[in-house]
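Have a look at the structure below, then the notes.
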Amino acid sequence: MATLQNIRNRAGILVAIVIGLALVAFILGDALQQGNTLFQKSQNKIAEINGESIQYLDFQKKVEELGEIYKQNSRQSQLDENTWVQARETTWQNYLKEILMGEVYEELGINVSSEELYDLIQGNNIHPIVRQIFGDPNTGQVNRAAIVGFLKNLETGVAADQRAYWYYLEKQIEDDRAITKYNNLVRQGLYVTTEEAQNSINKSSRQVSFDFISLPHTSVADSTLKISDRDLKKYYNDHSEAYKEEKTRKIEYVVFPVVPSQQDDQAAKAWIEEIKNDFTVTEENVQFTNANSDENFEDIWVKEDALNSEVATWIYSEGANVNDVYGPYFEDGAYKLAKVHAIEMLPDSVQARHILLEIKTQAEIATKQALADSLKTLIDNGADFAALAREYSSDTGSAIEGGDLGWFTRAQMAKPFADAAFENKKGETSVVISQYGIHVVQPTERSPLTKQVKVAYLVRVVNASDVTFQKAYANASQFASESRNLAKFEEAVKAQNLSKRVATLREQDREVIGLVNPRQLVRAAFRADVGDVLTDFRESSIFELGDNYVIAALVEAKEDGVAPFESVKSRVELAVAKEKKSEQLIQKMESVLSGNDDFAVIAQELGASIQTAENINFNSFSVPNAGAEPALVGTISTMSADQISKPVKGNNGVYLVKVTAVIENAEMNVEQEKKNLAQTLGYRASYSAYEAVKNAAEIEDNRSRFY
């Protein structure tokens, strides 16, 4: 029994231990899972604004939503990279304003009520965004019934993309109203005193003419200066703000360009020679060109001076006919054949009039087309074109003139319109469609006719072949294998006698001179340590940028803040030398000034000439024969006539001034000046108040890690 009881006791302990271990495992597992989640969040954090973390997926979702709106606005199914960059930057600015100003609004009690939003969308104070969408461009009147109808159908009768677009606009309207309230509060807190207004008048109205003597810094030899390390350190510490730098990375890189080989050139030439006969015999010049050429057929009329000199001589001097072929010839990295597609005698410019029927919806097309055909019939039967233009044309600017557009060239008009205006006979009327709507067009005058041609070009660009790419890549690979770090990189550059390039990069840079789409290279530079050879996301040190293979190494990294003394020592030395020279020149002037008030004698003893400046006021940017010298301008603005200044330390030297004349013109109205200054302050407040909030915020921006 004792043994059984002992087993029970031990079993109890064992069970407790097992349960305890299970609990520990459960807790640790949960903690590790949470830790993993926290780690993932940290890894995916694209930014943090005043302690509020923004995750990449959330940010990217906003970017894509904005991208959809951009597509709707531009009526494009795809956006280029520059537009996506703009969308990401706009999303970032939206996040900043929403978080930073949200805190400010909450503290100040600023909000936009549903009643206000109603008033801005369909009430008495309709916002410009709504006015633009639902307003008549001719009258400026807003169609309130259309607004109400749209809003009633918003949830069920409107496409999802349009609904999302509307909600985006509503948010913009609400944000605009909130920031307007905030800016108005700031403006109301600004006040211009009478003394400030009077000082402003005095500064702008007081005109000073003066003589001055200049002793430039270059007149002091560097060998006369004694500059110690203590001098340099003291200047650096006293002027540390001047040596603040933004986060940058300096890289050295070599480029292995993929240049078409002689074999690539011969292949392109052989291709163009082989296809010449087919191009010559075809009667479908446009289709054949578009199907075979590296450049599509361009349906434009050109004169002799717009053609390649060889082709121009062939057509205009040698008298080529329609469907004649010239070439092949080499131009701009391509072999080309030129075929005369058409020849006509046409004017260089015409005077024409039109009636524009604007199309706002798909349903209007048939109706407007019928109206245009009817107007053409009326005009052909003798109706007054000008009267019909004034009655029907949506182009209000020309409608007042009876539809007259004056003289214009082809390039000034949309192509369908230009074709009709230039190819119709004088007084001949036609109906054409452009991106602006349906036009009833009639040329009224034509300039003298000149010979113009349409040319079909069959183009074969000399491109690098796969073999050429492989050779360039092999060379880059060989270099990369020998360049595992900066020291090896430098050795390989020297050994192979390569040309090394240097670039200083900022974190958000998207361009590097001479490289195509170098963003991945920039991002790699900010991931690397000094001395590393940069690698892409595949851990490859070879970056394929356009037709170049690039290998780079990080040679310098600077972080935000005051630059280390050693890195700016040369700049500090120049600044201290300038200070020392100014001290010498000031002492020289003071020794001559002692007991001497004859400006001509002072100049003679200083070995300098007297220069003159007239009508300078406090707002002047520069002084004739001196340049941008704000200290000099500030000094003369407070002096009286015939007064000689003390030595003035400037940007380029030291100056001595004698005022010769002062003209006071203080007839400006003080109250009006107060209003002007208050208005200027108000304009600045709209920008400066938000910038002040942003500068005071704690912002961690990691976007460069993701884009």
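Each chain in the structure tokens gets a letter, A, B and so on, in the order shown; residues start at 1 in every chain, and ligands are counted from 1 in the order they appear.
Around A:Val462, within 8 Å and counting only C-alpha atoms, the residues found are Pro260, Asp264, Asp265, Ala268, Gly333, Ala334 and Tyr335 of chain A, once anything fewer than 5 positions away on its own chain is removed.
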Let's have the selection written as a PDB file, in the first residue's frame, with N, CA and C atoms.
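Once everything was written out, this is again10.pdb:
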```
ATOM      1  N   PRO A 260      26.066  46.704 -80.145  1.00  0.00           N
ATOM      2  CA  PRO A 260      25.949  45.800 -81.297  1.00  0.00           C
ATOM      3  C   PRO A 260      27.312  45.551 -81.948  1.00  0.00           C
ATOM      4  N   ASP A 264      26.301  41.877 -85.788  1.00  0.00           N
ATOM      5  CA  ASP A 264      24.930  42.389 -85.636  1.00  0.00           C
ATOM      6  C   ASP A 264      24.623  43.410 -86.723  1.00  0.00           C
ATOM      7  N   ASP A 265      25.599  44.261 -87.022  1.00  0.00           N
ATOM      8  CA  ASP A 265      25.427  45.268 -88.078  1.00  0.00           C
ATOM      9  C   ASP A 265      25.225  44.593 -89.429  1.00  0.00           C
ATOM     10  N   ALA A 268      21.722  43.040 -89.774  1.00  0.00           N
ATOM     11  CA  ALA A 268      20.666  44.023 -90.044  1.00  0.00           C
ATOM     12  C   ALA A 268      20.723  44.494 -91.495  1.00  0.00           C
ATOM     13  N   GLY A 333      21.548  54.744 -86.230  1.00  0.00           N
ATOM     14  CA  GLY A 333      21.685  53.381 -85.713  1.00  0.00           C
ATOM     15  C   GLY A 333      20.791  52.363 -86.389  1.00  0.00           C
ATOM     16  N   ALA A 334      20.327  52.665 -87.620  1.00  0.00           N
ATOM     17  CA  ALA A 334      19.425  51.733 -88.311  1.00  0.00           C
ATOM     18  C   ALA A 334      19.647  51.798 -89.817  1.00  0.00           C
ATOM     19  N   TYR A 335      19.388  50.664 -90.473  1.00  0.00           N
ATOM     20  CA  TYR A 335      19.365  50.629 -91.934  1.00  0.00           C
ATOM     21  C   TYR A 335      17.930  50.880 -92.385  1.00  0.00           C
TER      22      TYR A 335
END
```
Practice item. Excluding stretch 463-475 of chain A and residues on its chain fewer than 2 positions from it, collect all residues at most 6 Å away from it, counting only C-alpha atoms, and give them as a ChimeraX atom specification. Key: /A:258,260,461,477-478
Review point. Hey, what's within 8 Å of stretch 671-681 of chain A if we count only C-alpha atoms and toss same-chain stuff fewer than 4 positions away? As a list in words, please?
Key: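 That gives Arg187, Leu190, Tyr191, Val192, Thr193, Thr194, Glu196, Ala197, Gln198, Ser200, Ile201 and Ala685 of chain A.
Here the question is which of A:Ala387, A:Val255, A:Ala689, A:Ile54 gets nearest to A:Arg703 using only C-alpha atoms, and that residue is A:Ile54.
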Exercise for review: Write down as a ChimeraX atom specification the residues of stretch 396-608 of chain A whose backbone DSSP state falls under strand (DSSP E or B).
Suggested key: /A:404-409,430-434,437-446,449-461,485,501-506,532-533,543-545,548-558,561-562
Exercise for review: Extract, using only C-alpha atoms, all DNA, RNA and protein residues at most 9 Å from A:Asp161, discarding same-chain residues fewer than 2 positions from it, and format them as a PyMOL selection string.
Suggested key: chain A and resi 68-69+72+158-159+163-166
Point to revise | Surrounding residues of A:Ala528 excluding itself and chain neighbours under 3 positions, 10 Å, only C-alpha atoms, as a PyMOL selection string | key: chain A and resi 249+523-525+531-535+553-554+557
How would the residues just chosen look if you wrote them out with N, CA and C atoms as a CSV table (one decimal), in the first residue's frame?
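See out.csv below for the written result:
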```
chain,number,residue,atom,x,y,z
A,249,ARG,N,24.7,58.2,-50.2
A,249,ARG,CA,25.6,57.1,-50.4
A,249,ARG,C,26.4,57.4,-51.6
A,523,ARG,N,18.6,51.5,-54.2
A,523,ARG,CA,18.2,50.7,-53.0
A,523,ARG,C,19.3,49.8,-52.5
A,524,ALA,N,20.0,49.2,-53.4
A,524,ALA,CA,21.1,48.3,-53.0
A,524,ALA,C,22.2,49.1,-52.2
A,525,ALA,N,22.4,50.3,-52.7
A,525,ALA,CA,23.5,51.2,-52.0
A,525,ALA,C,23.1,51.5,-50.6
A,531,GLY,N,32.4,49.6,-48.3
A,531,GLY,CA,33.4,48.5,-48.6
A,531,GLY,C,32.7,47.3,-49.3
A,532,ASP,N,31.4,47.3,-49.3
A,532,ASP,CA,30.7,46.2,-50.0
A,532,ASP,C,30.6,46.4,-51.5
A,533,VAL,N,30.5,45.3,-52.2
A,533,VAL,CA,30.1,45.4,-53.6
A,533,VAL,C,28.6,45.2,-53.5
A,534,LEU,N,27.8,46.1,-54.2
A,534,LEU,CA,26.4,46.0,-54.1
A,534,LEU,C,25.8,44.8,-54.8
A,535,THR,N,24.7,44.3,-54.2
A,535,THR,CA,24.0,43.1,-54.8
A,535,THR,C,22.5,43.4,-54.8
A,553,ALA,N,30.4,49.5,-56.1
A,553,ALA,CA,30.8,49.3,-54.7
A,553,ALA,C,30.5,50.6,-53.9
A,554,LEU,N,30.2,50.4,-52.6
A,554,LEU,CA,29.9,51.5,-51.8
A,554,LEU,C,31.2,52.0,-51.1
A,557,ALA,N,29.3,56.5,-46.8
A,557,ALA,CA,27.9,56.6,-46.4
A,557,ALA,C,27.8,57.7,-45.4
```
Check your understanding: Counting only C-alpha atoms, what is within 8 Å of A:Ser204, bar same-chain residues fewer than 4 positions away, as a list in words?
Key -> Ser200, Asn617, Phe618 and Asn619 of chain A
Export of prior selection with C-alpha atoms as a PDB file, in the first residue's frame:
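Once everything was written out, this is result32.pdb:
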```pdb
ATOM      1  CA  SER A 200       8.276  98.082 -44.287  1.00  0.00           C
ATOM      2  CA  ASN A 617      17.043 100.088 -50.934  1.00  0.00           C
ATOM      3  CA  PHE A 618      16.686  97.478 -48.208  1.00  0.00           C
ATOM      4  CA  ASN A 619      15.015  95.034 -50.583  1.00  0.00           C
TER       5      ASN A 619
END
```
Exercise for review: Measuring atom to atom with only C-alpha atoms, identify which of A:Ser374, A:Asn82, A:Ser686, A:Ser394 is nearest to A:Asn517.
Suggested key: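 With only C-alpha atoms as the atom set, the closest residue is A:Asn82.
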Please provide the set of residues having any atom within 9 Å of A:Ile179, restricted to only C-alpha atoms, with same-chain residues fewer than 4 positions apart removed, written as a compact mmCIF listing (two decimals) with N, CA and C atoms, in the first residue's frame.
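Dumped everything to around_27.txt:
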```txt
# COMPACT_ATOMS: atom_id res chain seq x y z
N MET A 101 -2.22 66.09 -39.15
CA MET A 101 -3.26 67.10 -38.98
C MET A 101 -4.44 66.53 -38.19
N TYR A 105 -6.23 68.59 -35.42
CA TYR A 105 -7.68 68.85 -35.46
C TYR A 105 -8.35 68.40 -34.16
N GLU A 174 -13.70 66.89 -47.90
CA GLU A 174 -13.71 66.97 -46.44
C GLU A 174 -12.35 67.44 -45.91
N ASP A 175 -11.27 66.88 -46.45
CA ASP A 175 -9.92 67.29 -46.03
C ASP A 175 -9.65 68.75 -46.35
N ASN A 183 -6.23 76.72 -41.42
CA ASN A 183 -5.49 77.87 -41.95
C ASN A 183 -6.15 79.19 -41.56
N ASN A 184 -7.48 79.20 -41.55
CA ASN A 184 -8.20 80.42 -41.14
C ASN A 184 -7.92 80.75 -39.67
N SER A 686 -0.70 79.31 -44.99
CA SER A 686 -1.27 78.09 -45.57
C SER A 686 -0.22 77.01 -45.74
```
Mind dumping a table of every stretch 341-364 of chain A residue within 7 Å of stretch 421-433 of chain A, with the nearest atom pair and its distance in Å to one decimal, using only C-alpha atoms, sorted by chain and rising number, as CSV?
```
residue,atom,partner,partner_atom,distance
A:Pro347,CA,A:Phe422,CA,6.8
A:Val350,CA,A:Phe422,CA,6.6
A:Ala352,CA,A:Ala421,CA,6.6
```
Now that the selection is made, can you save its residues with all heavy atoms as a JSON list (two decimals), in the first residue's frame?
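Produced file result18.json, reproduced below:
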```json
[["chain", "number", "residue", "atom", "x", "y", "z"],
["A", 347, "PRO", "N", -0.89, 73.38, -99.38],
["A", 347, "PRO", "CA", -0.50, 74.64, -98.73],
["A", 347, "PRO", "C", 0.30, 74.38, -97.45],
["A", 347, "PRO", "O", 0.15, 73.33, -96.82],
["A", 347, "PRO", "CB", -1.84, 75.30, -98.42],
["A", 347, "PRO", "CG", -2.78, 74.16, -98.23],
["A", 347, "PRO", "CD", -2.34, 73.10, -99.20],
["A", 350, "VAL", "N", -3.33, 77.25, -93.70],
["A", 350, "VAL", "CA", -4.67, 77.56, -94.21],
["A", 350, "VAL", "C", -5.42, 78.42, -93.20],
["A", 350, "VAL", "O", -5.06, 78.47, -92.02],
["A", 350, "VAL", "CB", -5.50, 76.28, -94.48],
["A", 350, "VAL", "CG1", -4.85, 75.40, -95.52],
["A", 350, "VAL", "CG2", -5.75, 75.52, -93.19],
["A", 352, "ALA", "N", -9.29, 78.60, -91.84],
["A", 352, "ALA", "CA", -10.49, 77.76, -91.89],
["A", 352, "ALA", "C", -11.45, 78.16, -90.79],
["A", 352, "ALA", "O", -11.10, 78.86, -89.84],
["A", 352, "ALA", "CB", -10.11, 76.29, -91.75]]
```
Check your understanding: Where does DSSP see alpha helix (DSSP H) in stretch 323-513 of chain A, if you list the residues as a PyMOL selection string?
Key -> chain A and resi 364-380+385-392+396-399+415-423+466-481+486-495
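Distances here use only C-alpha atoms; by that measure, the residue among A:Asn290, A:Ser228, A:Thr504, A:Ser113 closest to A:Thr248 is A:Thr504.
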Point to revise | d(atom CA of A:Pro443, atom CA of A:Asp419) in Å | key: 10.9 Å
**Study point:** Option closest in space to A:Phe288, from A:His127, A:Lys578, A:Lys97, A:His341 [counting only C-alpha atoms]
**Key:**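 Closest to A:Phe288, using only C-alpha atoms: A:His341.
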Check your understanding: Hey, can you check how far atom CA of A:Glu98 sits from atom CA of A:Ile46?
Key -> 16.2 Å
